[in-house]
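Taking it in order: structure first as structure tokens, then the write-up.
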Amino acid sequence: MEDRIERLSKREGIDAENARWLIGKVDKEMGGAVYLIYGSAWDDPKQYDRVFDTATQKADEIISAIKDELLKRASVVTEKARQVLQLRALAAKVRARIAIEPTFPISALDVKPKEEGLIHYGIIVRGVVYNKKAVGPIQEAAREICGDVPVEFELQYRWHPRLGEWHFR
């Protein structure tokens, strides 16, 4: 923490107290984002393959260790592993496309491979929509991205009744 405060103070020209406050704020926000995306705490070393301490290890040492690890991993890449990643990437593309489209009123969304690594089973799209007219376009968008890969849908429609006007006295 002290090294981070010192680096930030020098870089931004601020005092240590403000640097500590900024670091705390950024860490809290990043921690929340990581937890939201991955479902685990970003500062839990058990969540990572390797952890480096930049205060005690030199950059060249860390870079060398990372290169060695990448070379080891590259040697064990198989066709099955590639298929797993290809299917996961396809599911992520579909999820992103649906999530960013403002005309798709969907409150819950889950897009996953139907069977991990078996591309011929395809992906499954689950969600809750609030407009029946959006189901068709959501399905079209997913099929367009997937091409020949099968896509299964479990989209539920939930109607939200309108409350009407409020009359205050």
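Identifiers in the structure tokens: chain A, B, ... in order shown; residue index from 1 per chain; ligand index from 1 in order shown.
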
Problem set entry | Selection: 10 Å around A:Pro113, only C-alpha atoms, excl. self and same-chain fewer than 6 positions, as a list in words | Val84, Gln86, Leu87, Arg88, Ala89, Leu90, Ala91, Ala92, Ile119, Tyr121, Gly122, Ile123, Ile124, Val125, Val151 and Glu152 of chain A

Exercise. Hey, what's within 8 Å of A:Pro105 if we count only C-alpha atoms and toss same-chain stuff fewer than 5 positions away? As a PyMOL selection string, please?
Worked result: chain A and resi 129-131+134

How would the residues just chosen look if you wrote them out with C-alpha atoms as a short mmCIF file (atom, residue, chain, number, x, y, z; two decimals), in the first residue's frame?
data_model
loop_
_atom_site.label_atom_id
_atom_site.label_comp_id
_atom_site.auth_asym_id
_atom_site.auth_seq_id
_atom_site.Cartn_x
_atom_site.Cartn_y
_atom_site.Cartn_z
CA VAL A 129 -38.35 -10.63 -21.10
CA TYR A 130 -40.97 -7.96 -20.49
CA ASN A 131 -42.16 -7.59 -24.06
CA ALA A 134 -38.67 -8.86 -28.22
#

For this session: Run DSSP on the backbone and grab whatever in stretch 2-166 of chain A lands in alpha helix (DSSP H); send it over as a ChimeraX atom specification.
Result: /A:2-12,16-38,59-74,79-100,135-146

For this session: Compile the contact shell of A:Glu154 as an NGL selection string: residues with an atom at most 10 Å away, counting only C-alpha atoms, same-chain residues fewer than 3 positions apart removed.
Result: :A and (110 or 124-128 or 157)

For this session: DSSP on the backbone, then: every residue of stretch 3-166 of chain A marked strand (DSSP E), written as a ChimeraX atom specification.
Result: /A:106-113,123-129,151-157

Exercise. Between A:Leu8, A:Ala81, A:Ile62, A:Leu22, which one has atoms that come closest to A:Glu116, using only C-alpha atoms?
Worked result: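 Using only C-alpha atoms, A:Glu116 sits closest to A:Ala81.
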
Exercise. Within 7 Å of stretch 42-50 of chain A, counting only C-alpha atoms, which residues qualify if same-chain residues fewer than 6 places away don't, as a PyMOL selection string?
Worked result: chain A and resi 31+34-35
